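Chemist: Please find model-v5.pdb (PDB, C-alpha atoms) on the next line:
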ATOM      1  CA  MET Y  74      37.988   6.565 161.313  1.00  0.00           C
ATOM      2  CA  ALA Y  75      37.030   9.037 158.617  1.00  0.00           C
ATOM      3  CA  GLY Y  76      37.366  11.954 161.015  1.00  0.00           C
ATOM      4  CA  PHE Y  77      41.104  11.229 161.508  1.00  0.00           C
ATOM      5  CA  PHE Y  78      42.019  11.647 157.835  1.00  0.00           C
ATOM      6  CA  SER Y  79      43.596  14.951 156.829  1.00  0.00           C
ATOM      7  CA  LYS Y  80      41.963  16.977 154.091  1.00  0.00           C
ATOM      8  CA  GLU Y  81      44.813  16.180 151.696  1.00  0.00           C
ATOM      9  CA  LYS Y  82      44.323  12.440 152.214  1.00  0.00           C
ATOM     10  CA  THR Y  83      40.550  12.454 151.886  1.00  0.00           C
ATOM     11  CA  ILE Y  84      39.888  14.757 148.933  1.00  0.00           C
ATOM     12  CA  ASN Y  85      38.909  12.677 145.888  1.00  0.00           C
ATOM     13  CA  GLN Y  86      39.626   9.463 147.785  1.00  0.00           C
ATOM     14  CA  VAL Y  87      37.066   6.795 148.702  1.00  0.00           C
ATOM     15  CA  ILE Y  88      36.506   6.660 152.452  1.00  0.00           C
ATOM     16  CA  LEU Y  89      33.855   5.124 154.692  1.00  0.00           C
ATOM     17  CA  LEU Y  90      31.440   7.563 156.317  1.00  0.00           C
ATOM     18  CA  ASP Y  91      28.692   6.975 158.863  1.00  0.00           C
ATOM     19  CA  VAL Y  92      25.387   7.094 156.981  1.00  0.00           C
ATOM     20  CA  ASP Y  93      23.935   9.415 159.633  1.00  0.00           C
ATOM     21  CA  ALA Y  94      26.821  11.868 159.200  1.00  0.00           C
ATOM     22  CA  ILE Y  95      25.790  12.784 155.654  1.00  0.00           C
ATOM     23  CA  HIS Y  96      23.261  15.591 155.223  1.00  0.00           C
ATOM     24  CA  PRO Y  97      20.970  15.964 152.174  1.00  0.00           C
ATOM     25  CA  ASN Y  98      21.867  18.373 149.399  1.00  0.00           C
ATOM     26  CA  PRO Y  99      19.494  21.377 149.570  1.00  0.00           C
ATOM     27  CA  ALA Y 100      19.603  21.547 145.761  1.00  0.00           C
ATOM     28  CA  GLN Y 101      18.319  17.990 145.337  1.00  0.00           C
ATOM     29  CA  PRO Y 102      15.607  18.219 142.651  1.00  0.00           C
ATOM     30  CA  ARG Y 103      14.060  14.825 143.278  1.00  0.00           C
ATOM     31  CA  GLN Y 104      10.959  15.106 145.461  1.00  0.00           C
ATOM     32  CA  GLU Y 105       9.689  11.537 145.192  1.00  0.00           C
ATOM     33  CA  PHE Y 106      11.576   8.328 145.989  1.00  0.00           C
ATOM     34  CA  ARG Y 107       9.491   5.279 145.155  1.00  0.00           C
ATOM     35  CA  PRO Y 108       9.456   2.862 148.113  1.00  0.00           C
ATOM     36  CA  GLU Y 109       9.516  -0.232 145.889  1.00  0.00           C
ATOM     37  CA  GLU Y 110      12.617   0.997 144.051  1.00  0.00           C
ATOM     38  CA  LEU Y 111      14.406   1.811 147.306  1.00  0.00           C
ATOM     39  CA  SER Y 112      13.510  -1.628 148.683  1.00  0.00           C
ATOM     40  CA  SER Y 113      14.874  -3.305 145.555  1.00  0.00           C
ATOM     41  CA  LEU Y 114      18.103  -1.305 145.754  1.00  0.00           C
ATOM     42  CA  ALA Y 115      18.384  -2.060 149.491  1.00  0.00           C
ATOM     43  CA  ALA Y 116      18.089  -5.797 148.762  1.00  0.00           C
ATOM     44  CA  SER Y 117      20.870  -5.500 146.183  1.00  0.00           C
ATOM     45  CA  ILE Y 118      23.048  -3.597 148.658  1.00  0.00           C
ATOM     46  CA  ARG Y 119      22.551  -6.301 151.305  1.00  0.00           C
ATOM     47  CA  GLU Y 120      23.682  -8.893 148.781  1.00  0.00           C
ATOM     48  CA  ASN Y 121      26.467  -7.028 146.987  1.00  0.00           C
ATOM     49  CA  GLY Y 122      27.274  -3.912 148.998  1.00  0.00           C
ATOM     50  CA  VAL Y 123      27.330  -0.348 147.635  1.00  0.00           C
ATOM     51  CA  LEU Y 124      28.985  -0.682 144.223  1.00  0.00           C
ATOM     52  CA  GLN Y 125      29.297   3.046 143.468  1.00  0.00           C
ATOM     53  CA  PRO Y 126      30.345   5.502 146.195  1.00  0.00           C
ATOM     54  CA  VAL Y 127      28.252   8.554 146.918  1.00  0.00           C
ATOM     55  CA  THR Y 128      29.907  11.951 146.528  1.00  0.00           C
ATOM     56  CA  VAL Y 129      29.982  14.532 149.325  1.00  0.00           C
ATOM     57  CA  ARG Y 130      31.562  17.826 150.266  1.00  0.00           C
ATOM     58  CA  LYS Y 131      32.342  19.510 153.565  1.00  0.00           C
ATOM     59  CA  ASN Y 132      30.176  22.581 154.034  1.00  0.00           C
ATOM     60  CA  SER Y 133      30.950  25.702 156.061  1.00  0.00           C
ATOM     61  CA  GLN Y 134      29.899  23.906 159.254  1.00  0.00           C
ATOM     62  CA  LYS Y 135      32.373  21.103 158.455  1.00  0.00           C
ATOM     63  CA  ASP Y 136      29.479  18.697 157.997  1.00  0.00           C
ATOM     64  CA  TYR Y 137      29.366  16.240 155.107  1.00  0.00           C
ATOM     65  CA  GLU Y 138      26.811  17.379 152.526  1.00  0.00           C
ATOM     66  CA  LEU Y 139      25.651  15.011 149.806  1.00  0.00           C
ATOM     67  CA  ILE Y 140      26.402  15.988 146.214  1.00  0.00           C
ATOM     68  CA  SER Y 141      25.019  12.916 144.453  1.00  0.00           C
ATOM     69  CA  GLY Y 142      23.768   9.463 145.428  1.00  0.00           C
ATOM     70  CA  GLU Y 143      20.737  10.117 147.630  1.00  0.00           C
ATOM     71  CA  ARG Y 144      18.957   6.952 146.431  1.00  0.00           C
ATOM     72  CA  ARG Y 145      22.024   4.897 147.366  1.00  0.00           C
ATOM     73  CA  LEU Y 146      22.257   6.599 150.758  1.00  0.00           C
ATOM     74  CA  ARG Y 147      18.578   6.006 151.544  1.00  0.00           C
ATOM     75  CA  ALA Y 148      18.767   2.398 150.363  1.00  0.00           C
ATOM     76  CA  ALA Y 149      21.931   1.804 152.408  1.00  0.00           C
ATOM     77  CA  LYS Y 150      20.100   3.015 155.521  1.00  0.00           C
ATOM     78  CA  GLU Y 151      17.153   0.759 154.680  1.00  0.00           C
ATOM     79  CA  ALA Y 152      19.571  -2.148 154.239  1.00  0.00           C
ATOM     80  CA  GLY Y 153      20.893  -1.554 157.752  1.00  0.00           C
ATOM     81  CA  LEU Y 154      24.368  -0.340 156.796  1.00  0.00           C
ATOM     82  CA  GLN Y 155      26.168   1.814 159.335  1.00  0.00           C
ATOM     83  CA  LYS Y 156      28.752   3.142 156.882  1.00  0.00           C
ATOM     84  CA  ILE Y 157      28.836   3.883 153.169  1.00  0.00           C
ATOM     85  CA  PRO Y 158      31.737   4.445 150.753  1.00  0.00           C
ATOM     86  CA  ALA Y 159      31.989   8.105 149.777  1.00  0.00           C
ATOM     87  CA  VAL Y 160      34.211  10.366 147.710  1.00  0.00           C
ATOM     88  CA  VAL Y 161      34.872  13.730 149.367  1.00  0.00           C
ATOM     89  CA  MET Y 162      35.131  16.494 146.765  1.00  0.00           C
ATOM     90  CA  ASP Y 163      36.707  19.901 147.281  1.00  0.00           C
ATOM     91  CA  THR Y 164      33.981  22.113 145.852  1.00  0.00           C
ATOM     92  CA  THR Y 165      31.963  25.228 146.661  1.00  0.00           C
ATOM     93  CA  ALA Y 166      28.271  25.256 147.519  1.00  0.00           C
ATOM     94  CA  ARG Y 167      27.518  26.667 144.060  1.00  0.00           C
ATOM     95  CA  GLN Y 168      29.566  24.021 142.236  1.00  0.00           C
ATOM     96  CA  SER Y 169      28.031  21.305 144.404  1.00  0.00           C
ATOM     97  CA  ALA Y 170      24.496  22.487 143.680  1.00  0.00           C
ATOM     98  CA  ILE Y 171      25.127  22.734 139.946  1.00  0.00           C
ATOM     99  CA  TYR Y 172      26.749  19.298 139.867  1.00  0.00           C
ATOM    100  CA  ALA Y 173      23.887  17.731 141.837  1.00  0.00           C
ATOM    101  CA  LEU Y 174      21.233  19.364 139.667  1.00  0.00           C
ATOM    102  CA  LEU Y 175      22.937  18.398 136.395  1.00  0.00           C
ATOM    103  CA  GLU Y 176      23.520  14.836 137.592  1.00  0.00           C
ATOM    104  CA  ASN Y 177      19.865  14.431 138.514  1.00  0.00           C
ATOM    105  CA  ILE Y 178      18.519  16.122 135.377  1.00  0.00           C
ATOM    106  CA  GLN Y 179      20.501  13.655 133.253  1.00  0.00           C
ATOM    107  CA  ARG Y 180      18.778  10.725 134.940  1.00  0.00           C
ATOM    108  CA  GLN Y 181      15.762   9.300 133.146  1.00  0.00           C
ATOM    109  CA  ASP Y 182      13.482   8.808 136.166  1.00  0.00           C
ATOM    110  CA  LEU Y 183      12.920  12.417 137.210  1.00  0.00           C
ATOM    111  CA  SER Y 184       9.343  13.511 136.689  1.00  0.00           C
ATOM    112  CA  VAL Y 185       8.787  16.125 133.998  1.00  0.00           C
ATOM    113  CA  PHE Y 186       8.152  18.842 136.591  1.00  0.00           C
ATOM    114  CA  GLU Y 187      11.070  17.837 138.847  1.00  0.00           C
ATOM    115  CA  GLU Y 188      13.299  18.235 135.798  1.00  0.00           C
ATOM    116  CA  ALA Y 189      11.777  21.615 134.920  1.00  0.00           C
ATOM    117  CA  LYS Y 190      12.108  22.860 138.502  1.00  0.00           C
ATOM    118  CA  ALA Y 191      15.731  21.711 138.631  1.00  0.00           C
ATOM    119  CA  LEU Y 192      16.424  23.682 135.458  1.00  0.00           C
ATOM    120  CA  ARG Y 193      14.701  26.735 136.948  1.00  0.00           C
ATOM    121  CA  THR Y 194      16.832  26.435 140.078  1.00  0.00           C
ATOM    122  CA  LEU Y 195      20.000  26.247 137.973  1.00  0.00           C
ATOM    123  CA  ILE Y 196      19.054  29.439 136.175  1.00  0.00           C
ATOM    124  CA  THR Y 197      17.439  31.559 138.885  1.00  0.00           C
ATOM    125  CA  GLU Y 198      19.464  30.580 141.951  1.00  0.00           C
ATOM    126  CA  TRP Y 199      22.844  29.621 140.549  1.00  0.00           C
ATOM    127  CA  GLY Y 200      23.211  31.957 137.588  1.00  0.00           C
ATOM    128  CA  VAL Y 201      23.464  29.352 134.836  1.00  0.00           C
ATOM    129  CA  THR Y 202      22.085  30.674 131.541  1.00  0.00           C
ATOM    130  CA  GLN Y 203      19.730  28.662 129.345  1.00  0.00           C
ATOM    131  CA  GLU Y 204      22.516  28.427 126.780  1.00  0.00           C
ATOM    132  CA  GLU Y 205      24.995  27.070 129.361  1.00  0.00           C
ATOM    133  CA  ALA Y 206      22.438  24.578 130.693  1.00  0.00           C
ATOM    134  CA  ALA Y 207      21.687  23.379 127.161  1.00  0.00           C
ATOM    135  CA  ARG Y 208      25.382  22.922 126.422  1.00  0.00           C
ATOM    136  CA  LYS Y 209      26.108  21.042 129.656  1.00  0.00           C
ATOM    137  CA  LEU Y 210      23.108  18.750 129.150  1.00  0.00           C
ATOM    138  CA  GLY Y 211      23.620  18.223 125.422  1.00  0.00           C
ATOM    139  CA  LYS Y 212      20.187  19.648 124.586  1.00  0.00           C
ATOM    140  CA  ALA Y 213      18.959  22.384 122.272  1.00  0.00           C
ATOM    141  CA  GLN Y 214      18.265  25.718 123.973  1.00  0.00           C
ATOM    142  CA  SER Y 215      14.690  25.552 122.660  1.00  0.00           C
ATOM    143  CA  THR Y 216      14.274  22.250 124.534  1.00  0.00           C
ATOM    144  CA  ILE Y 217      15.329  23.927 127.784  1.00  0.00           C
ATOM    145  CA  ALA Y 218      12.918  26.819 127.132  1.00  0.00           C
ATOM    146  CA  ASN Y 219      10.036  24.426 126.435  1.00  0.00           C
ATOM    147  CA  LYS Y 220      10.693  22.508 129.660  1.00  0.00           C
ATOM    148  CA  LEU Y 221      10.700  25.739 131.670  1.00  0.00           C
ATOM    149  CA  ARG Y 222       7.372  26.763 130.099  1.00  0.00           C
ATOM    150  CA  LEU Y 223       5.771  23.705 131.729  1.00  0.00           C
ATOM    151  CA  LEU Y 224       6.038  25.485 135.070  1.00  0.00           C
ATOM    152  CA  THR Y 225       3.411  27.988 133.930  1.00  0.00           C
ATOM    153  CA  LEU Y 226       0.897  25.226 134.674  1.00  0.00           C
ATOM    154  CA  THR Y 227      -0.571  25.602 138.152  1.00  0.00           C
ATOM    155  CA  GLU Y 228       0.364  23.189 140.939  1.00  0.00           C
ATOM    156  CA  GLU Y 229      -3.077  21.589 140.581  1.00  0.00           C
ATOM    157  CA  GLU Y 230      -2.549  21.103 136.844  1.00  0.00           C
ATOM    158  CA  GLN Y 231       0.931  19.706 137.406  1.00  0.00           C
ATOM    159  CA  GLN Y 232      -0.564  17.258 139.891  1.00  0.00           C
ATOM    160  CA  LEU Y 233      -3.149  16.165 137.318  1.00  0.00           C
ATOM    161  CA  VAL Y 234      -0.366  15.444 134.830  1.00  0.00           C
ATOM    162  CA  THR Y 235       1.744  13.553 137.373  1.00  0.00           C
ATOM    163  CA  GLU Y 236      -1.012  11.516 139.014  1.00  0.00           C
ATOM    164  CA  ASN Y 237      -2.439  10.423 135.658  1.00  0.00           C
ATOM    165  CA  ARG Y 238       1.008   9.582 134.245  1.00  0.00           C
ATOM    166  CA  LEU Y 239       0.618  11.989 131.361  1.00  0.00           C
ATOM    167  CA  THR Y 240       3.718  12.897 129.364  1.00  0.00           C
ATOM    168  CA  GLU Y 241       5.581  16.114 128.701  1.00  0.00           C
ATOM    169  CA  ARG Y 242       3.930  16.241 125.278  1.00  0.00           C
ATOM    170  CA  HIS Y 243       0.475  16.101 126.898  1.00  0.00           C
ATOM    171  CA  ALA Y 244       1.424  18.976 129.206  1.00  0.00           C
ATOM    172  CA  ARG Y 245       2.899  21.077 126.394  1.00  0.00           C
ATOM    173  CA  ALA Y 246      -0.218  20.594 124.270  1.00  0.00           C
ATOM    174  CA  VAL Y 247      -2.440  21.872 127.078  1.00  0.00           C
ATOM    175  CA  LEU Y 248      -0.316  25.040 127.362  1.00  0.00           C
ATOM    176  CA  ARG Y 249      -1.833  26.148 124.040  1.00  0.00           C
ATOM    177  CA  LEU Y 250      -5.193  26.624 125.787  1.00  0.00           C
ATOM    178  CA  PRO Y 251      -6.283  29.663 127.788  1.00  0.00           C
ATOM    179  CA  GLU Y 252      -5.507  29.263 131.490  1.00  0.00           C
ATOM    180  CA  ASN Y 253      -9.177  28.762 132.428  1.00  0.00           C
ATOM    181  CA  ARG Y 254      -9.524  25.781 130.066  1.00  0.00           C
ATOM    182  CA  ARG Y 255      -6.465  23.758 131.014  1.00  0.00           C
ATOM    183  CA  SER Y 256      -7.677  21.833 134.047  1.00  0.00           C
ATOM    184  CA  GLU Y 257     -10.835  20.692 132.288  1.00  0.00           C
ATOM    185  CA  ALA Y 258      -8.793  19.593 129.282  1.00  0.00           C
ATOM    186  CA  LEU Y 259      -6.354  17.614 131.441  1.00  0.00           C
ATOM    187  CA  ILE Y 260      -9.233  15.858 133.182  1.00  0.00           C
ATOM    188  CA  ASN Y 261     -10.744  14.900 129.809  1.00  0.00           C
ATOM    189  CA  ILE Y 262      -7.385  13.745 128.444  1.00  0.00           C
ATOM    190  CA  ALA Y 263      -6.732  11.579 131.493  1.00  0.00           C
ATOM    191  CA  LYS Y 264     -10.284  10.226 131.694  1.00  0.00           C
ATOM    192  CA  ARG Y 265     -10.317   9.213 128.017  1.00  0.00           C
ATOM    193  CA  ARG Y 266      -6.709   8.008 128.118  1.00  0.00           C
ATOM    194  CA  MET Y 267      -5.757   9.976 125.038  1.00  0.00           C
ATOM    195  CA  ASN Y 268      -2.343   9.400 123.568  1.00  0.00           C
ATOM    196  CA  ALA Y 269      -0.180  12.346 122.498  1.00  0.00           C
ATOM    197  CA  ARG Y 270      -1.557  12.461 118.942  1.00  0.00           C
ATOM    198  CA  GLN Y 271      -5.171  12.330 120.115  1.00  0.00           C
ATOM    199  CA  THR Y 272      -4.376  15.078 122.616  1.00  0.00           C
ATOM    200  CA  ASP Y 273      -2.994  17.343 119.904  1.00  0.00           C
ATOM    201  CA  LEU Y 274      -6.140  16.866 117.826  1.00  0.00           C
ATOM    202  CA  TYR Y 275      -8.377  17.425 120.845  1.00  0.00           C
ATOM    203  CA  ILE Y 276      -6.593  20.675 121.760  1.00  0.00           C
ATOM    204  CA  GLU Y 277      -6.854  21.890 118.173  1.00  0.00           C
ATOM    205  CA  GLN Y 278     -10.567  21.122 118.237  1.00  0.00           C
ATOM    206  CA  VAL Y 279     -11.081  23.069 121.472  1.00  0.00           C
ATOM    207  CA  LEU Y 280      -9.167  26.045 120.054  1.00  0.00           C
ATOM    208  CA  ASN Y 281     -11.158  26.012 116.827  1.00  0.00           C
ATOM    209  CA  ALA Y 282     -14.445  25.900 118.724  1.00  0.00           C
ATOM    210  CA  ALA Y 283     -13.437  28.801 120.966  1.00  0.00           C
ATOM    211  CA  ALA Y 284     -11.961  31.139 118.362  1.00  0.00           C
ATOM    212  CA  PRO Y 285     -14.391  33.216 116.251  1.00  0.00           C
ATOM    213  CA  GLY Y 286     -13.033  33.788 112.782  1.00  0.00           C
ATOM    214  CA  ARG Y 287     -10.807  30.736 112.800  1.00  0.00           C
ATOM    215  CA  HIS Y 288     -11.554  27.867 110.461  1.00  0.00           C
ATOM    216  CA  ARG Y 289     -13.820  25.877 112.734  1.00  0.00           C
ATOM    217  CA  ILE Y 290     -14.108  22.157 113.120  1.00  0.00           C
ATOM    218  CA  SER Y 291     -17.543  21.005 114.217  1.00  0.00           C
ATOM    219  CA  MET Y 292     -17.411  20.314 117.949  1.00  0.00           C
ATOM    220  CA  VAL Y 293     -18.009  16.762 119.055  1.00  0.00           C
ATOM    221  CA  LYS Y 294     -19.738  16.894 122.418  1.00  0.00           C
ATOM    222  CA  ASP Y 295     -18.912  13.333 123.450  1.00  0.00           C
ATOM    223  CA  VAL Y 296     -15.128  13.027 123.666  1.00  0.00           C
ATOM    224  CA  ARG Y 297     -15.396   9.232 123.358  1.00  0.00           C
ATOM    225  CA  ILE Y 298     -16.652   9.647 119.783  1.00  0.00           C
ATOM    226  CA  PHE Y 299     -13.763  11.997 119.044  1.00  0.00           C
ATOM    227  CA  VAL Y 300     -11.170   9.572 120.450  1.00  0.00           C
ATOM    228  CA  ASN Y 301     -12.654   6.652 118.577  1.00  0.00           C
TER     229      ASN Y 301
END
How would this structure read if it were set down as structure tokens?

Modeler:
Amino acid sequence: MAGFFSKEKTINQVILLDVDAIHPNPAQPRQEFRPEELSSLAASIRENGVLQPVTVRKNSQKDYELISGERRLRAAKEAGLQKIPAVVMDTTARQSAIYALLENIQRQDLSVFEEAKALRTLITEWGVTQEEAARKLGKAQSTIANKLRLLTLTEEEQQLVTENRLTERHARAVLRLPENRRSEALINIAKRRMNARQTDLYIEQVLNAAAPGRHRISMVKDVRIFVN
């Protein structure tokens, strides 16, 4: 039925679309969708339906492209739904990408590097300045700059942070080290399960030991003693 609506009748109105007719947003920053969370949302959808419509746009090929709501779309498919309520928005590819990126960045369950990469995409691909991004997200510009700096960690180092459930503060502390010392430090931090405060002290200790002329702290060889 959705295909028989005119543009004037469908823009900003809730309509039902076939789930297979909606294509992913190429600007989607989320790389990981946890299966247990999707299964839980799918169970809720089976019981209660989709409570909040997804938003889509028609692209240049006249296909429906998702703007926001990919978790809901995936869960609806898992729940066995054939159709999903959707709001069709009249927007450009740039506006759609910016909206999708901002909507996802504002969510709390993006990983620290997914958030940083989304910010980088906003700035490098869509021409949003750090100042504009900070204003739209209600953050200080220095916060945006610090998040972007996290991407100077290598992919391997980012993986160490993610797999060991380390925080943004852990990652930022490690950035103070020379590049050739970061992986080893992350392994030690994860292995010893250091909290953020212990990590700061550990990084300071490594820097003091490595820098001639700085006020040195005697190096503790066994990190377990240091953490204790």

Chemist: How many Å separate atom CA of Ile157 of chain Y from atom CA of Ala170 of chain Y?

Modeler: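 Atom CA of Ile157 of chain Y sits 21.3 Å away from atom CA of Ala170 of chain Y.
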
Chemist: Could you write out as a PyMOL selection string the residues that the PyMOL selection byres ((chain Y and resi 238) around 12) matches in the shown file?

Modeler: chain Y and resi 184-186+231-237+239-244+259+262-264+266-268

Chemist: Given the choices Y:Glu110, Y:Ile95, Y:Ser169, Y:Pro158, which gets closest to Glu138 of chain Y if the distance is worked out from all atoms listed in the file?

Modeler: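 Using all atoms listed in the file, Glu138 of chain Y sits closest to Y:Ile95.
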
Chemist: Could you state which residues are captured by the PyMOL selection byres ((chain Y and resi 207) around 12) in this file, as a VMD selection string?

Modeler: chain Y and resid 175 178 to 179 192 195 to 196 201 to 206 208 to 220

Chemist: Can you list, as a list in words, the residues that the PyMOL selection byres ((chain Y and resi 164) around 10) selects here?

Modeler: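 Applying the PyMOL selection byres ((chain Y and resi 164) around 10) to the structure shown produces Ile84, Val129, Arg130, Lys131, Asn132, Ile140, Val161, Met162, Asp163, Thr165, Ala166, Arg167, Gln168, Ser169, Ala170 and Tyr172 of chain Y.
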
Chemist: Would you save the residues of that selection, restricted to C-alpha atoms, as a tab-separated table (two decimals), in the coordinates of the input?

Modeler:
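For reference, selection_7.tsv as written:
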chain	number	residue	atom	x	y	z
Y	84	ILE	CA	39.89	14.76	148.93
Y	129	VAL	CA	29.98	14.53	149.32
Y	130	ARG	CA	31.56	17.83	150.27
Y	131	LYS	CA	32.34	19.51	153.56
Y	132	ASN	CA	30.18	22.58	154.03
Y	140	ILE	CA	26.40	15.99	146.21
Y	161	VAL	CA	34.87	13.73	149.37
Y	162	MET	CA	35.13	16.49	146.76
Y	163	ASP	CA	36.71	19.90	147.28
Y	165	THR	CA	31.96	25.23	146.66
Y	166	ALA	CA	28.27	25.26	147.52
Y	167	ARG	CA	27.52	26.67	144.06
Y	168	GLN	CA	29.57	24.02	142.24
Y	169	SER	CA	28.03	21.30	144.40
Y	170	ALA	CA	24.50	22.49	143.68
Y	172	TYR	CA	26.75	19.30	139.87

Chemist: Compile the contact shell of Arg254 of chain Y as an mmCIF file with C-alpha atoms, in the frame of the given file: residues with an atom at most 12 Å away, counting all atoms listed in the file, same-chain residues fewer than 3 positions apart removed.

Modeler:
data_model
loop_
_atom_site.group_PDB
_atom_site.id
_atom_site.type_symbol
_atom_site.label_atom_id
_atom_site.label_comp_id
_atom_site.auth_asym_id
_atom_site.auth_seq_id
_atom_site.Cartn_x
_atom_site.Cartn_y
_atom_site.Cartn_z
ATOM 1 C CA LEU Y 226 0.897 25.226 134.674
ATOM 2 C CA GLU Y 230 -2.549 21.103 136.844
ATOM 3 C CA VAL Y 247 -2.440 21.872 127.078
ATOM 4 C CA LEU Y 248 -0.316 25.040 127.362
ATOM 5 C CA ARG Y 249 -1.833 26.148 124.040
ATOM 6 C CA LEU Y 250 -5.193 26.624 125.787
ATOM 7 C CA PRO Y 251 -6.283 29.663 127.788
ATOM 8 C CA GLU Y 257 -10.835 20.692 132.288
ATOM 9 C CA ALA Y 258 -8.793 19.593 129.282
ATOM 10 C CA LEU Y 259 -6.354 17.614 131.441
ATOM 11 C CA ILE Y 260 -9.233 15.858 133.182
ATOM 12 C CA ASN Y 261 -10.744 14.900 129.809
ATOM 13 C CA ILE Y 276 -6.593 20.675 121.760
ATOM 14 C CA VAL Y 279 -11.081 23.069 121.472
ATOM 15 C CA LEU Y 280 -9.167 26.045 120.054
ATOM 16 C CA ALA Y 283 -13.437 28.801 120.966
#

Chemist: Which distance in Å separates atom CA of Gln86 of chain Y and atom CA of Pro126 of chain Y, to one decimal?

Modeler: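 Separation between atom CA of Gln86 of chain Y and atom CA of Pro126 of chain Y: 10.2 Å.
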
Chemist: Name the closest residue to Glu176 of chain Y among the candidates Y:Ala159, Y:Val87, Y:Leu124, Y:Ala100; distances are taken between atoms, counting only C-alpha atoms.

Modeler: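 Comparing Y:Ala159, Y:Val87, Y:Leu124, Y:Ala100 against Glu176 of chain Y, the winner is Y:Ala100.
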
Chemist: Have a look at Y:Ala94, Y:Ile88, Y:Ala148, Y:Ala173 and name the one nearest to Glu109 of chain Y; count all atoms listed in the file.

Modeler: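 Going through Y:Ala94, Y:Ile88, Y:Ala148, Y:Ala173 one by one, the smallest distance to Glu109 of chain Y is for Y:Ala148.
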
Chemist: Would you kindly identify which residues have an atom no farther than 12 Å from (27.8, -6.7, 155.0), using all atoms listed in the file and the file's own coordinates, and write them out as a tab-separated table (two decimals) with C-alpha atoms, in the frame of the given file?

Modeler:
chain	number	residue	atom	x	y	z
Y	115	ALA	CA	18.38	-2.06	149.49
Y	116	ALA	CA	18.09	-5.80	148.76
Y	117	SER	CA	20.87	-5.50	146.18
Y	118	ILE	CA	23.05	-3.60	148.66
Y	119	ARG	CA	22.55	-6.30	151.30
Y	120	GLU	CA	23.68	-8.89	148.78
Y	121	ASN	CA	26.47	-7.03	146.99
Y	122	GLY	CA	27.27	-3.91	149.00
Y	123	VAL	CA	27.33	-0.35	147.64
Y	149	ALA	CA	21.93	1.80	152.41
Y	152	ALA	CA	19.57	-2.15	154.24
Y	153	GLY	CA	20.89	-1.55	157.75
Y	154	LEU	CA	24.37	-0.34	156.80
Y	155	GLN	CA	26.17	1.81	159.34
Y	156	LYS	CA	28.75	3.14	156.88
Y	157	ILE	CA	28.84	3.88	153.17

Chemist: Measuring atom to atom with only C-alpha atoms, identify which of Y:Ala246, Y:Lys150, Y:Asp93, Y:Ser256 is nearest to Glu229 of chain Y.

Modeler: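 Looking at the shortest contact to Glu229 of chain Y, the residue is Y:Ser256.
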
Chemist: By how many Å are atom CA of Ser113 of chain Y and atom CA of Tyr137 of chain Y apart?

Modeler: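 Here the two named atoms are 26.1 Å from each other.
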
Chemist: Restrict the output to segment 113-147 of chain Y and C-alpha atoms, then write it as a PDB file, in the first residue's frame.

Modeler:
ATOM      1  CA  SER Y 113      15.140  -8.790  23.947  1.00  0.00           C
ATOM      2  CA  LEU Y 114      13.817  -5.989  21.740  1.00  0.00           C
ATOM      3  CA  ALA Y 115      12.366  -8.549  19.300  1.00  0.00           C
ATOM      4  CA  ALA Y 116      10.492 -10.230  22.171  1.00  0.00           C
ATOM      5  CA  SER Y 117       9.068  -6.856  23.200  1.00  0.00           C
ATOM      6  CA  ILE Y 118       8.021  -6.133  19.613  1.00  0.00           C
ATOM      7  CA  ARG Y 119       6.221  -9.489  19.371  1.00  0.00           C
ATOM      8  CA  GLU Y 120       4.315  -8.626  22.531  1.00  0.00           C
ATOM      9  CA  ASN Y 121       3.669  -4.913  22.026  1.00  0.00           C
ATOM     10  CA  GLY Y 122       4.506  -4.058  18.424  1.00  0.00           C
ATOM     11  CA  VAL Y 123       6.895  -1.304  17.298  1.00  0.00           C
ATOM     12  CA  LEU Y 124       6.132   1.603  19.633  1.00  0.00           C
ATOM     13  CA  GLN Y 125       8.297   4.213  17.882  1.00  0.00           C
ATOM     14  CA  PRO Y 126       8.400   4.415  14.072  1.00  0.00           C
ATOM     15  CA  VAL Y 127      11.702   4.355  12.250  1.00  0.00           C
ATOM     16  CA  THR Y 128      12.556   7.343  10.066  1.00  0.00           C
ATOM     17  CA  VAL Y 129      13.470   7.003   6.386  1.00  0.00           C
ATOM     18  CA  ARG Y 130      14.042   9.065   3.280  1.00  0.00           C
ATOM     19  CA  LYS Y 131      13.768   8.351  -0.427  1.00  0.00           C
ATOM     20  CA  ASN Y 132      17.189   8.416  -2.050  1.00  0.00           C
ATOM     21  CA  SER Y 133      18.051   9.245  -5.658  1.00  0.00           C
ATOM     22  CA  GLN Y 134      17.112   5.703  -6.710  1.00  0.00           C
ATOM     23  CA  LYS Y 135      13.683   6.163  -5.081  1.00  0.00           C
ATOM     24  CA  ASP Y 136      14.558   3.504  -2.523  1.00  0.00           C
ATOM     25  CA  TYR Y 137      13.767   3.945   1.162  1.00  0.00           C
ATOM     26  CA  GLU Y 138      16.960   4.668   3.104  1.00  0.00           C
ATOM     27  CA  LEU Y 139      16.994   4.444   6.885  1.00  0.00           C
ATOM     28  CA  ILE Y 140      17.754   7.628   8.810  1.00  0.00           C
ATOM     29  CA  SER Y 141      17.335   6.307  12.349  1.00  0.00           C
ATOM     30  CA  GLY Y 142      16.014   3.160  14.018  1.00  0.00           C
ATOM     31  CA  GLU Y 143      18.282   0.375  12.768  1.00  0.00           C
ATOM     32  CA  ARG Y 144      17.996  -1.575  16.046  1.00  0.00           C
ATOM     33  CA  ARG Y 145      14.200  -1.458  15.760  1.00  0.00           C
ATOM     34  CA  LEU Y 146      14.338  -2.539  12.118  1.00  0.00           C
ATOM     35  CA  ARG Y 147      16.650  -5.474  12.857  1.00  0.00           C
TER      36      ARG Y 147
END
